[in-house]
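structure_19.cif (mmCIF, C-alpha atoms and all ligand atoms)
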data_run
loop_
_atom_site.label_atom_id
_atom_site.label_comp_id
_atom_site.auth_asym_id
_atom_site.auth_seq_id
_atom_site.Cartn_x
_atom_site.Cartn_y
_atom_site.Cartn_z
CA MET Z 1 0.00 0.00 0.00
CA ALA Z 2 1.13 3.58 -0.68
CA LEU Z 3 2.03 5.59 2.43
CA ALA Z 4 -0.99 7.56 3.57
CA ALA Z 5 -0.59 11.25 2.83
CA GLU Z 6 -1.69 13.77 5.42
CA VAL Z 7 -5.32 14.79 4.91
CA ARG Z 8 -7.01 18.01 5.89
CA LYS Z 9 -10.05 19.93 4.73
CA ALA Z 10 -9.46 22.54 2.07
CA THR Z 11 -10.58 26.13 2.38
CA PRO Z 12 -12.84 26.73 0.55
CA SER Z 13 -14.17 23.32 1.53
CA ARG Z 14 -14.75 21.99 -2.01
CA HIS Z 15 -11.85 19.51 -1.82
CA THR Z 16 -10.04 17.47 0.69
CA ILE Z 17 -6.42 18.56 0.56
CA ARG Z 18 -3.80 15.83 0.79
CA THR Z 19 -0.23 16.81 1.58
CA TYR Z 20 2.57 14.75 0.04
CA ASN Z 21 6.19 14.66 1.10
CA LEU Z 22 8.28 14.78 -2.08
CA CYS Z 23 11.82 13.43 -2.39
CA PHE Z 24 14.21 14.26 -5.24
CA LEU Z 25 17.06 11.88 -5.99
CA GLY Z 26 19.59 13.41 -8.39
CA PHE Z 27 19.40 17.18 -8.26
CA GLY Z 28 20.60 18.29 -11.68
CA ASN Z 29 18.81 19.91 -14.62
CA VAL Z 30 15.65 17.81 -14.47
CA ASN Z 31 14.81 17.69 -10.76
CA ARG Z 32 15.73 21.35 -10.17
CA THR Z 33 13.42 22.37 -13.00
CA LEU Z 34 10.74 20.11 -11.56
CA VAL Z 35 10.99 21.84 -8.17
CA GLU Z 36 10.65 25.20 -9.93
CA LEU Z 37 7.60 23.98 -11.83
CA LEU Z 38 6.00 22.54 -8.68
CA LEU Z 39 6.51 25.81 -6.81
CA GLU Z 40 5.12 27.74 -9.77
CA ARG Z 41 2.00 25.50 -9.94
CA GLU Z 42 1.54 25.16 -6.16
CA ALA Z 43 -1.75 27.09 -6.00
CA GLU Z 44 -3.21 25.29 -9.04
CA LEU Z 45 -2.30 21.87 -7.65
CA ARG Z 46 -4.00 22.75 -4.36
CA ASP Z 47 -7.11 24.44 -5.77
CA ARG Z 48 -7.74 22.20 -8.76
CA TYR Z 49 -6.47 18.80 -7.62
CA GLY Z 50 -6.48 19.01 -3.82
CA ILE Z 51 -2.71 18.37 -3.77
CA ALA Z 52 -0.37 20.11 -1.35
CA PHE Z 53 3.28 19.15 -1.00
CA ARG Z 54 6.43 19.58 1.03
CA ILE Z 55 9.91 19.29 -0.45
CA ALA Z 56 11.04 16.80 2.16
CA GLY Z 57 14.20 15.30 0.65
CA ILE Z 58 16.90 16.04 -1.88
CA ALA Z 59 19.91 13.83 -2.52
CA SER Z 60 22.84 13.24 -4.81
CA ARG Z 61 26.39 11.91 -4.42
CA ARG Z 62 27.77 15.39 -3.69
CA LEU Z 63 24.82 16.58 -1.59
CA GLY Z 64 24.42 13.42 0.46
CA TRP Z 65 20.97 12.52 1.78
CA ILE Z 66 19.16 15.68 2.94
CA ALA Z 67 15.79 15.25 4.62
CA ASP Z 68 13.24 17.09 6.69
CA PRO Z 69 9.75 15.61 6.99
CA ASN Z 70 8.38 19.07 7.80
CA GLY Z 71 9.72 20.49 4.54
CA LEU Z 72 13.08 21.93 3.50
CA ASP Z 73 13.28 25.68 3.34
CA PHE Z 74 14.11 26.86 -0.16
CA ARG Z 75 14.23 30.58 0.72
CA GLY Z 76 17.30 32.14 -0.84
CA ALA Z 77 17.46 29.39 -3.43
CA VAL Z 78 15.22 30.99 -6.01
CA ASP Z 79 17.37 30.20 -9.03
CA LEU Z 80 17.51 26.47 -8.44
CA LYS Z 81 19.22 25.72 -11.76
CA GLY Z 82 22.18 27.96 -10.92
CA HIS Z 83 22.26 27.11 -7.24
CA ASP Z 84 25.23 25.20 -5.84
CA PHE Z 85 23.73 23.19 -3.00
CA SER Z 86 26.96 21.30 -2.52
CA ARG Z 87 28.35 24.29 -0.59
CA ALA Z 88 27.19 23.82 2.99
CA ALA Z 89 26.08 27.43 3.33
CA ASN Z 90 23.79 27.03 0.33
CA ARG Z 91 21.94 23.99 1.57
CA PRO Z 92 18.25 24.44 2.13
CA GLN Z 93 17.75 25.45 5.75
CA ASN Z 94 16.98 22.80 8.38
CA SER Z 95 18.65 20.18 6.24
CA PRO Z 96 21.11 17.92 7.96
CA ALA Z 97 22.90 15.54 5.58
CA LEU Z 98 22.15 11.99 6.68
CA ALA Z 99 24.49 9.10 6.42
CA GLY Z 100 22.93 5.90 5.13
CA SER Z 101 20.87 4.52 2.36
CA VAL Z 102 18.03 5.58 0.12
CA LYS Z 103 15.68 3.64 2.39
CA ASP Z 104 16.83 5.53 5.52
CA TRP Z 105 16.55 8.81 3.63
CA LEU Z 106 13.00 8.10 2.42
CA SER Z 107 12.00 7.07 5.94
CA ALA Z 108 13.61 10.19 7.48
CA ALA Z 109 11.80 12.41 4.97
CA ARG Z 110 8.59 10.40 5.35
CA GLY Z 111 8.55 10.44 1.56
CA ASN Z 112 5.30 9.73 -0.26
CA VAL Z 113 6.77 10.28 -3.73
CA LEU Z 114 10.27 9.71 -5.13
CA PHE Z 115 11.34 11.66 -8.22
CA GLU Z 116 14.30 9.71 -9.58
CA ALA Z 117 16.47 11.77 -11.97
CA THR Z 118 19.99 10.48 -11.59
CA SER Z 119 22.28 10.08 -14.60
CA LEU Z 120 21.65 7.34 -17.15
CA ASN Z 121 23.69 4.17 -16.65
CA VAL Z 122 23.29 2.30 -19.93
CA GLU Z 123 25.14 -0.84 -18.81
CA THR Z 124 23.07 -1.75 -15.73
CA GLY Z 125 20.45 0.92 -15.00
CA GLN Z 126 21.90 1.19 -11.48
CA PRO Z 127 21.70 2.68 -8.91
CA ALA Z 128 18.37 4.03 -10.18
CA ILE Z 129 16.80 0.55 -10.10
CA ASP Z 130 17.69 0.21 -6.41
CA HIS Z 131 16.31 3.71 -5.72
CA ILE Z 132 12.97 2.84 -7.32
CA ARG Z 133 12.83 -0.57 -5.64
CA ALA Z 134 13.44 1.08 -2.24
CA ALA Z 135 10.71 3.67 -2.85
CA LEU Z 136 8.12 1.08 -3.88
CA ASN Z 137 9.04 -1.17 -0.94
CA ASN Z 138 8.73 1.87 1.35
CA GLY Z 139 5.23 2.63 0.07
CA ALA Z 140 6.24 5.68 -2.00
CA HIS Z 141 5.23 6.30 -5.60
CA ALA Z 142 8.28 6.16 -7.89
CA ILE Z 143 8.45 8.57 -10.82
CA THR Z 144 11.50 8.62 -13.04
CA ALA Z 145 12.96 10.38 -16.08
CA ASN Z 146 15.77 7.81 -16.16
CA LYS Z 147 15.56 5.23 -18.98
CA GLY Z 148 18.00 2.81 -17.31
CA PRO Z 149 15.42 1.19 -15.00
CA ILE Z 150 12.97 0.71 -17.90
CA VAL Z 151 15.59 -0.93 -20.10
CA HIS Z 152 17.04 -3.17 -17.37
CA ALA Z 153 14.23 -3.85 -14.89
CA TYR Z 154 10.85 -2.81 -16.30
CA ARG Z 155 8.93 -6.01 -15.58
CA GLU Z 156 10.33 -6.44 -12.09
CA LEU Z 157 9.51 -2.84 -11.10
CA ARG Z 158 6.08 -2.91 -12.72
CA ASP Z 159 5.24 -6.12 -10.84
CA LEU Z 160 6.66 -4.79 -7.57
CA ALA Z 161 4.50 -1.67 -7.87
CA ALA Z 162 1.44 -3.80 -8.59
CA ALA Z 163 2.16 -6.01 -5.58
CA ARG Z 164 2.95 -3.18 -3.14
CA GLY Z 165 0.39 -0.56 -4.22
CA PRO Z 166 2.28 2.64 -5.14
CA ARG Z 167 2.60 3.69 -8.78
CA PHE Z 168 5.70 3.35 -10.95
CA LEU Z 169 5.54 5.98 -13.73
CA PHE Z 170 8.12 7.07 -16.29
CA GLU Z 171 6.48 9.34 -18.89
CA SER Z 172 9.51 11.64 -19.12
CA THR Z 173 11.87 8.88 -20.24
CA VAL Z 174 10.85 9.22 -23.93
CA MET Z 175 10.00 12.53 -25.66
CA ASP Z 176 10.13 14.43 -22.37
CA GLY Z 177 6.63 15.13 -21.08
CA VAL Z 178 4.73 14.13 -24.22
CA PRO Z 179 2.20 11.45 -23.23
CA ILE Z 180 3.57 8.46 -25.14
CA PHE Z 181 3.09 5.72 -22.55
CA SER Z 182 -0.14 7.32 -21.30
CA LEU Z 183 -1.39 7.49 -24.89
CA PHE Z 184 -1.17 3.72 -25.14
CA ASP Z 185 -2.97 3.43 -21.78
CA GLN Z 186 -5.86 5.08 -23.66
CA LEU Z 187 -5.59 2.56 -26.53
CA PRO Z 188 -6.50 -0.77 -24.93
CA ALA Z 189 -6.24 -3.94 -27.05
CA ILE Z 190 -4.32 -2.20 -29.80
CA HIS Z 191 -1.24 -3.85 -31.31
CA LEU Z 192 1.89 -1.89 -32.09
CA HIS Z 193 3.64 -3.32 -35.15
CA GLY Z 194 6.45 -0.80 -35.48
CA PHE Z 195 7.66 2.76 -35.07
CA HIS Z 196 10.30 5.13 -36.32
CA GLY Z 197 11.36 8.57 -35.20
CA ILE Z 198 13.89 11.05 -33.95
CA LEU Z 199 14.17 10.66 -30.20
CA ASN Z 200 17.51 12.19 -29.22
CA SER Z 201 17.46 15.99 -29.06
CA THR Z 202 21.17 16.50 -28.47
CA THR Z 203 22.25 14.86 -31.74
CA ASN Z 204 19.49 16.69 -33.61
CA VAL Z 205 20.76 20.03 -32.26
CA ILE Z 206 24.35 19.05 -33.14
CA LEU Z 207 23.48 18.01 -36.72
CA GLY Z 208 21.46 21.21 -37.27
CA GLU Z 209 24.21 23.45 -35.90
CA MET Z 210 26.83 21.66 -38.02
CA GLU Z 211 24.65 22.34 -41.08
CA ASN Z 212 24.72 26.01 -40.01
CA GLY Z 213 28.53 26.06 -39.98
CA LEU Z 214 29.53 25.20 -36.39
CA THR Z 215 32.15 22.56 -35.65
CA PHE Z 216 31.08 19.37 -33.88
CA ASP Z 217 32.51 20.61 -30.54
CA GLU Z 218 30.83 24.03 -30.81
CA ALA Z 219 27.52 22.37 -31.65
CA LEU Z 220 27.83 19.98 -28.69
CA LYS Z 221 28.49 22.93 -26.35
CA LYS Z 222 25.30 24.56 -27.62
CA ALA Z 223 23.26 21.43 -26.79
CA GLN Z 224 24.89 21.20 -23.36
CA ALA Z 225 24.03 24.84 -22.64
CA LEU Z 226 20.36 23.99 -23.26
CA GLY Z 227 20.58 21.39 -20.44
CA ILE Z 228 19.36 18.62 -22.75
CA ALA Z 229 22.59 16.63 -23.12
CA GLU Z 230 23.16 13.53 -21.03
CA THR Z 231 25.54 13.90 -18.05
CA ASP Z 232 28.01 11.96 -20.23
CA ALA Z 233 27.41 13.39 -23.72
CA ALA Z 234 28.95 10.28 -25.30
CA HIS Z 235 25.64 8.62 -24.44
CA ASP Z 236 23.96 10.98 -26.93
CA ILE Z 237 26.68 11.07 -29.59
CA ASP Z 238 27.18 7.30 -29.78
CA GLY Z 239 23.45 6.59 -29.93
CA TRP Z 240 23.07 5.03 -26.45
CA ASP Z 241 20.32 7.41 -25.32
CA ALA Z 242 18.37 6.85 -28.55
CA ALA Z 243 18.87 3.08 -28.23
CA ALA Z 244 17.69 3.17 -24.60
CA LYS Z 245 14.54 5.06 -25.65
CA THR Z 246 13.95 2.58 -28.48
CA ALA Z 247 14.38 -0.30 -26.02
CA ALA Z 248 12.00 1.34 -23.52
CA LEU Z 249 9.29 1.71 -26.18
CA ILE Z 250 9.74 -1.89 -27.37
CA THR Z 251 9.76 -3.27 -23.82
CA VAL Z 252 6.71 -1.38 -22.59
CA LEU Z 253 4.55 -0.91 -25.70
CA MET Z 254 5.37 -4.10 -27.63
CA ASP Z 255 5.76 -6.17 -24.45
CA VAL Z 256 9.04 -7.62 -25.70
CA PRO Z 257 11.96 -7.10 -23.32
CA ILE Z 258 14.95 -6.28 -25.50
CA LYS Z 259 18.55 -5.75 -24.51
CA LEU Z 260 20.54 -2.80 -25.77
CA ASP Z 261 23.01 -5.07 -27.58
CA GLN Z 262 20.11 -6.46 -29.64
CA ILE Z 263 19.60 -3.00 -31.16
CA GLU Z 264 21.83 -2.20 -34.13
CA ARG Z 265 23.46 1.06 -33.05
CA GLU Z 266 25.59 3.69 -34.75
CA GLY Z 267 25.96 7.26 -33.47
CA ILE Z 268 26.92 10.49 -35.23
CA ARG Z 269 30.56 10.59 -34.07
CA ASN Z 270 31.94 9.61 -37.47
CA LEU Z 271 29.90 12.11 -39.50
CA SER Z 272 32.14 14.94 -40.68
CA ALA Z 273 30.84 18.51 -40.84
CA GLU Z 274 31.44 18.39 -44.62
CA ALA Z 275 29.26 15.29 -45.02
CA VAL Z 276 26.50 16.84 -42.89
CA ARG Z 277 26.53 20.08 -44.93
CA ALA Z 278 26.67 18.23 -48.25
CA ALA Z 279 23.68 16.09 -47.26
CA ARG Z 280 21.64 19.21 -46.40
CA LYS Z 281 22.65 20.78 -49.75
CA GLU Z 282 21.36 17.64 -51.53
CA ASP Z 283 18.04 18.09 -49.64
CA ARG Z 284 18.66 14.77 -47.90
CA PRO Z 285 19.76 15.88 -44.40
CA TYR Z 286 21.22 13.46 -41.87
CA LYS Z 287 19.06 12.56 -38.87
CA LEU Z 288 19.71 10.02 -36.10
CA VAL Z 289 16.75 7.70 -36.71
CA CYS Z 290 15.33 5.07 -34.33
CA ARG Z 291 13.42 2.18 -35.93
CA ALA Z 292 11.63 -0.92 -34.62
CA LYS Z 293 9.56 -3.57 -36.35
CA LYS Z 294 7.70 -6.48 -34.75
CA GLU Z 295 7.06 -9.60 -36.87
CA ASP Z 296 6.04 -13.02 -35.55
CA ASN Z 297 6.67 -11.79 -32.00
CA LYS Z 298 10.27 -10.93 -32.91
CA VAL Z 299 11.52 -7.36 -32.90
CA THR Z 300 14.30 -5.92 -35.02
CA ALA Z 301 15.51 -2.45 -34.12
CA SER Z 302 18.15 0.06 -35.11
CA VAL Z 303 19.51 3.50 -34.29
CA ARG Z 304 21.69 5.07 -36.97
CA PRO Z 305 22.24 8.23 -39.00
CA GLU Z 306 20.10 8.18 -42.14
CA GLN Z 307 19.74 10.67 -44.98
CA ILE Z 308 16.09 11.67 -45.04
CA PRO Z 309 14.32 12.96 -48.17
CA LEU Z 310 12.65 16.35 -47.65
CA ALA Z 311 9.17 14.88 -48.25
CA ASP Z 312 9.53 12.82 -45.06
CA PRO Z 313 8.31 14.72 -41.93
CA MET Z 314 11.51 13.64 -40.13
CA ALA Z 315 13.52 15.97 -42.41
CA LYS Z 316 11.76 18.96 -40.84
CA ILE Z 317 12.51 18.02 -37.23
CA SER Z 318 14.95 20.70 -36.12
CA GLY Z 319 16.63 21.84 -32.91
CA SER Z 320 15.58 19.95 -29.77
CA SER Z 321 12.36 18.76 -31.44
CA SER Z 322 11.41 15.07 -31.53
CA TYR Z 323 9.13 12.97 -33.71
CA ILE Z 324 7.58 9.53 -33.58
CA TYR Z 325 5.45 7.58 -36.06
CA PHE Z 326 3.62 4.53 -34.72
CA GLU Z 327 2.26 1.72 -36.94
CA THR Z 328 -0.62 -0.12 -35.26
CA ASP Z 329 -3.23 -2.65 -36.36
CA ILE Z 330 -6.00 -0.07 -35.93
CA PHE Z 331 -4.32 3.21 -36.89
CA PRO Z 332 -1.95 2.44 -39.77
CA GLY Z 333 0.01 5.61 -38.99
CA LEU Z 334 -0.12 7.75 -35.87
CA ALA Z 335 2.50 10.49 -35.58
CA ILE Z 336 3.48 12.96 -32.86
CA THR Z 337 5.83 15.91 -33.21
CA GLU Z 338 7.22 17.72 -30.20
CA GLU Z 339 8.46 21.20 -31.17
CA ASN Z 340 11.60 22.50 -29.47
CA PRO Z 341 10.96 21.44 -25.87
CA GLY Z 342 13.11 22.72 -23.04
CA LEU Z 343 13.65 21.28 -19.58
CA TYR Z 344 10.16 22.33 -18.52
CA ALA Z 345 8.76 19.66 -20.85
CA THR Z 346 10.68 16.92 -19.03
CA ALA Z 347 9.73 18.37 -15.65
CA TYR Z 348 6.11 18.58 -16.79
CA GLY Z 349 6.06 14.84 -17.59
CA MET Z 350 7.07 14.12 -14.00
CA LEU Z 351 4.55 16.61 -12.62
CA ALA Z 352 1.82 14.98 -14.72
CA ASP Z 353 2.92 11.53 -13.44
CA PHE Z 354 2.66 12.87 -9.88
CA ILE Z 355 -0.90 14.03 -10.47
CA ARG Z 356 -1.74 10.71 -12.18
CA ALA Z 357 -0.28 8.82 -9.22
CA VAL Z 358 -2.18 10.62 -6.48
CA VAL Z 359 -5.45 11.77 -8.00
CA PRO Z 360 -7.84 8.83 -8.24
N1 LIG X 401 17.99 16.80 -19.42
C1 LIG X 401 16.99 16.36 -20.16
O1 LIG X 401 16.53 17.06 -21.08
C2 LIG X 401 16.38 15.00 -19.91
C3 LIG X 401 15.21 14.65 -20.59
C4 LIG X 401 14.60 13.41 -20.32
C5 LIG X 401 15.21 12.54 -19.43
N2 LIG X 401 16.39 12.89 -18.80
C6 LIG X 401 16.99 11.94 -17.85
O2 LIG X 401 16.90 12.50 -16.54
C7 LIG X 401 18.03 12.10 -15.76
C8 LIG X 401 18.70 13.34 -15.17
O3 LIG X 401 19.09 14.21 -16.22
P1 LIG X 401 19.71 15.64 -15.88
O4 LIG X 401 19.77 16.38 -17.17
O5 LIG X 401 19.05 16.24 -14.70
O6 LIG X 401 21.21 15.20 -15.47
P2 LIG X 401 22.26 16.07 -14.64
O7 LIG X 401 21.96 17.52 -14.74
O8 LIG X 401 23.61 15.58 -15.06
O9 LIG X 401 21.98 15.62 -13.14
C9 LIG X 401 22.17 14.31 -12.69
C10 LIG X 401 22.03 14.29 -11.19
O10 LIG X 401 22.13 12.95 -10.74
C11 LIG X 401 23.06 12.89 -9.65
N3 LIG X 401 23.64 11.56 -9.67
C12 LIG X 401 24.31 10.96 -10.67
N4 LIG X 401 24.66 9.71 -10.32
C13 LIG X 401 24.19 9.53 -9.06
C14 LIG X 401 24.23 8.45 -8.14
N5 LIG X 401 24.86 7.31 -8.46
N6 LIG X 401 23.64 8.59 -6.94
C15 LIG X 401 23.01 9.75 -6.61
N7 LIG X 401 22.94 10.82 -7.44
C16 LIG X 401 23.53 10.70 -8.64
C17 LIG X 401 24.05 14.03 -9.94
O11 LIG X 401 24.64 14.58 -8.80
P3 LIG X 401 26.00 14.06 -8.15
O12 LIG X 401 27.03 14.18 -9.19
O13 LIG X 401 26.15 14.94 -6.95
O14 LIG X 401 25.76 12.66 -7.75
C18 LIG X 401 23.10 15.11 -10.47
O15 LIG X 401 22.49 15.79 -9.38
C19 LIG X 401 18.93 11.26 -16.67
O16 LIG X 401 18.68 9.90 -16.44
C20 LIG X 401 18.47 11.67 -18.08
O17 LIG X 401 18.64 10.63 -19.01
C21 LIG X 401 16.96 14.11 -19.01
#

Before anything else, please render the file you have as structure tokens.
Amino acid sequence: MALAAEVRKATPSRHTIRTYNLCFLGFGNVNRTLVELLLEREAELRDRYGIAFRIAGIASRRLGWIADPNGLDFRGAVDLKGHDFSRAANRPQNSPALAGSVKDWLSAARGNVLFEATSLNVETGQPAIDHIRAALNNGAHAITANKGPIVHAYRELRDLAAARGPRFLFESTVMDGVPIFSLFDQLPAIHLHGFHGILNSTTNVILGEMENGLTFDEALKKAQALGIAETDAAHDIDGWDAAAKTAALITVLMDVPIKLDQIEREGIRNLSAEAVRAARKEDRPYKLVCRAKKEDNKVTASVRPEQIPLADPMAKISGSSSYIYFETDIFPGLAITEENPGLYATAYGMLADFIRAVVP
């Protein structure tokens, strides 16, 4: 069962207000933006959904485990993205760093919801899998933007959530906050035969900027400044992030667990600026394309740079935009384009998962 949130009557008395203790594990671009978004939407969450919250825990390797079940004080930390919490004087007030484990931290914070946004580990999905396991075992909803746990432990975590009661949600793992997994929740008994798309924003920004005359390194810096690159940008450049997203979609939506080494993968590292510019001049620009096809219960999948004819919608996907085209037995083609999202889109996906988890 999920930990009971504190309940009190709302004023005006239209709703019952439930107060949730929120814990943030990994406090980089995504979770800091999520805290900003939560604070910005605080009144709407309370008035429209009957949700109140306390920021009861933040943690990372450098920060340690910081917890206060009565709520950490974020005064003086307005610009969360630029804020260096690792300096003791900058810690949220009333926030002793705890020694110990994720379980101790969640218990100390009396956490009802864990937002897991640590860096992607493509090899094992750890320690994010352990974080999510601990949250679910502790009765807390687990919401993640991290693809690792979906690629390496989806079925186990899904089944654990079902057995224990809290929700395990991960909308922000693919196409930021765009409702991809929730869309398929609304399409019962449909069969996904295949998909293709552009799912890695960093490489799309790099390719576009190289077309515009920047070097590879200058273009990468531009993507990193947007906050959209992986902690280790090699994960973007070598196609790991795109492969992890492809694997997550196959595992969850096609119900076929697939390992990353079963996906043919080539990144953009070996594309020269000259080749990228020449391809654009020919009206067949390079894009890092993800593809999957299911036949006779077997899935073949690839991530690789492809030259895309201008008539294909993928050719028009620029900047940090993403695109996906689903082939299903009912809708032969169903496409979604996400135009130039920023970090708020990823944070929004986690906020929406939070509302989905706690509003019946
Ligand atoms: N940025 C995006 O646009 C975006 C979009 C969708 C999904 N995501 C996913 O969201 C996650 C976070 O992305 P981000 O952009 O916020 O990354 P980030 O800015 O690099 O932040 C990562 C955070 O995780 C912490 N961390 C890393 N390893 C840890 C560990 N073993 N234990 C505890 N904390 C750890 C880091 O702090 P310490 O170094 O102090 O440990 C840091 O606070 C990633 O999995 C990424 O794939 C990101």

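With all atoms listed in the file counted, the chains near ligand LIG 401 (chain X) contribute these residues within 6 Å: Gly26, Phe27, Gly28, Asn29, Val30, Asn31, Ser60, Arg61, Arg62, Leu63, Ala117, Thr118, Ser119, Leu120, Pro127, Ala145, Asn146, Ser172, Thr173, Asp176, Gly227, Ile228, Ala229, Glu230, Thr231, Leu343 and Thr346 of chain Z.
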
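Of the residues under consideration (Z:Ala247, Z:Ala275, Z:Ala347, Z:Ala357), Z:Ala347 shows the shortest atom-to-atom contact distance to Z:Val35 when counting all atoms listed in the file.
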
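Minimum atom-to-atom distance to Z:Val205, evaluated using all atoms listed in the file, belongs to Z:Gly319 out of Z:Pro149, Z:Pro257, Z:Gly71, Z:Gly319.
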
Residues of stretch 161-277 of chain Z that have any atom at most 10 Å from an atom of stretch 329-342 of chain Z: could you tabulate them with the shortest-distance atom pair and the distance in Å to one decimal, using only C-alpha atoms, ordered by chain and increasing number, as CSV?
residue,atom,partner,partner_atom,distance
Z:Met175,CA,Z:Glu338,CA,7.4
Z:Asp176,CA,Z:Pro341,CA,7.9
Z:Gly177,CA,Z:Pro341,CA,9.0
Z:Val178,CA,Z:Glu338,CA,7.4
Z:Pro179,CA,Z:Ile336,CA,9.8
Z:Ile180,CA,Z:Ile336,CA,8.9
Z:Leu187,CA,Z:Ile330,CA,9.8
Z:Ala189,CA,Z:Ile330,CA,9.7
Z:Ile190,CA,Z:Asp329,CA,6.7
Z:His191,CA,Z:Asp329,CA,5.6
Z:Leu192,CA,Z:Asp329,CA,6.7
Z:His193,CA,Z:Asp329,CA,7.0
Z:Gly194,CA,Z:Gly333,CA,9.7
Z:Phe195,CA,Z:Gly333,CA,9.1
Z:His196,CA,Z:Ala335,CA,9.5
Z:Gly197,CA,Z:Ala335,CA,9.1
Z:Ile198,CA,Z:Thr337,CA,9.4
Z:Leu199,CA,Z:Glu338,CA,9.9
Z:Ser201,CA,Z:Asn340,CA,8.8
Z:Val205,CA,Z:Asn340,CA,9.9
Z:Leu226,CA,Z:Gly342,CA,7.4
Z:Gly227,CA,Z:Gly342,CA,8.0
Z:Ile228,CA,Z:Gly342,CA,7.5

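You will find atom CA of Z:Ala67 at 15.5 Å from atom CA of Z:Asn138.
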
Here's a test: counting all atoms listed in the file, identify every protein, DNA and RNA residue with an atom at most 12 Å from (3.1, -4.5, -21.4) in the file's coordinate frame, and state them as a short mmCIF file (atom, residue, chain, number, x, y, z; two decimals) with C-alpha atoms, in the frame of the given file.
data_model
loop_
_atom_site.label_atom_id
_atom_site.label_comp_id
_atom_site.auth_asym_id
_atom_site.auth_seq_id
_atom_site.Cartn_x
_atom_site.Cartn_y
_atom_site.Cartn_z
CA ILE Z 150 12.97 0.71 -17.90
CA TYR Z 154 10.85 -2.81 -16.30
CA ARG Z 155 8.93 -6.01 -15.58
CA GLU Z 156 10.33 -6.44 -12.09
CA ARG Z 158 6.08 -2.91 -12.72
CA ASP Z 159 5.24 -6.12 -10.84
CA PHE Z 181 3.09 5.72 -22.55
CA PHE Z 184 -1.17 3.72 -25.14
CA ASP Z 185 -2.97 3.43 -21.78
CA PRO Z 188 -6.50 -0.77 -24.93
CA ALA Z 189 -6.24 -3.94 -27.05
CA ILE Z 190 -4.32 -2.20 -29.80
CA HIS Z 191 -1.24 -3.85 -31.31
CA LEU Z 192 1.89 -1.89 -32.09
CA ALA Z 248 12.00 1.34 -23.52
CA LEU Z 249 9.29 1.71 -26.18
CA ILE Z 250 9.74 -1.89 -27.37
CA THR Z 251 9.76 -3.27 -23.82
CA VAL Z 252 6.71 -1.38 -22.59
CA LEU Z 253 4.55 -0.91 -25.70
CA MET Z 254 5.37 -4.10 -27.63
CA ASP Z 255 5.76 -6.17 -24.45
CA VAL Z 256 9.04 -7.62 -25.70
CA PRO Z 257 11.96 -7.10 -23.32
#

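In this comparison, which uses all atoms listed in the file, the residue of Z:Asp261, Z:Asp68, Z:Glu282, Z:Asp236 approaching Z:Ser302 most closely is Z:Asp261.
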
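Here atom CA of Z:Leu106 is placed at a distance of 11.8 Å from atom CA of Z:Arg133.
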
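Of note, atom CA of Z:Asp241 and atom CA of Z:Arg265 are spaced 10.5 Å apart.
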
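Nearest residue to Z:Tyr323 among Z:Arg280, Z:Asn200, Z:Ala219, Z:Ile206 is Z:Asn200, counting only C-alpha atoms.
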
Could you give me, as number ranges by chain, the residues within 8 Å of Z:Val303, counting only C-alpha atoms and dropping anything in the same chain fewer than 6 positions from it?
-> Z: 239, 242-243, 263-267, 288-291

Would you list the contacts of Z:Gly208 as a PyMOL selection string, taking every protein, DNA or RNA residue within 12 Å and counting all atoms listed in the file, but skipping same-chain residues closer than 3 positions in sequence?
-> chain Z and resi 201-205+211-216+218-220+222-223+273+276-277+279-280+285-288+315-321

Pick the closest to Z:Val299 from Z:Lys245, Z:Asn112, Z:Ile258, Z:Asp217: which is it, counting only C-alpha atoms?
-> Z:Ile258
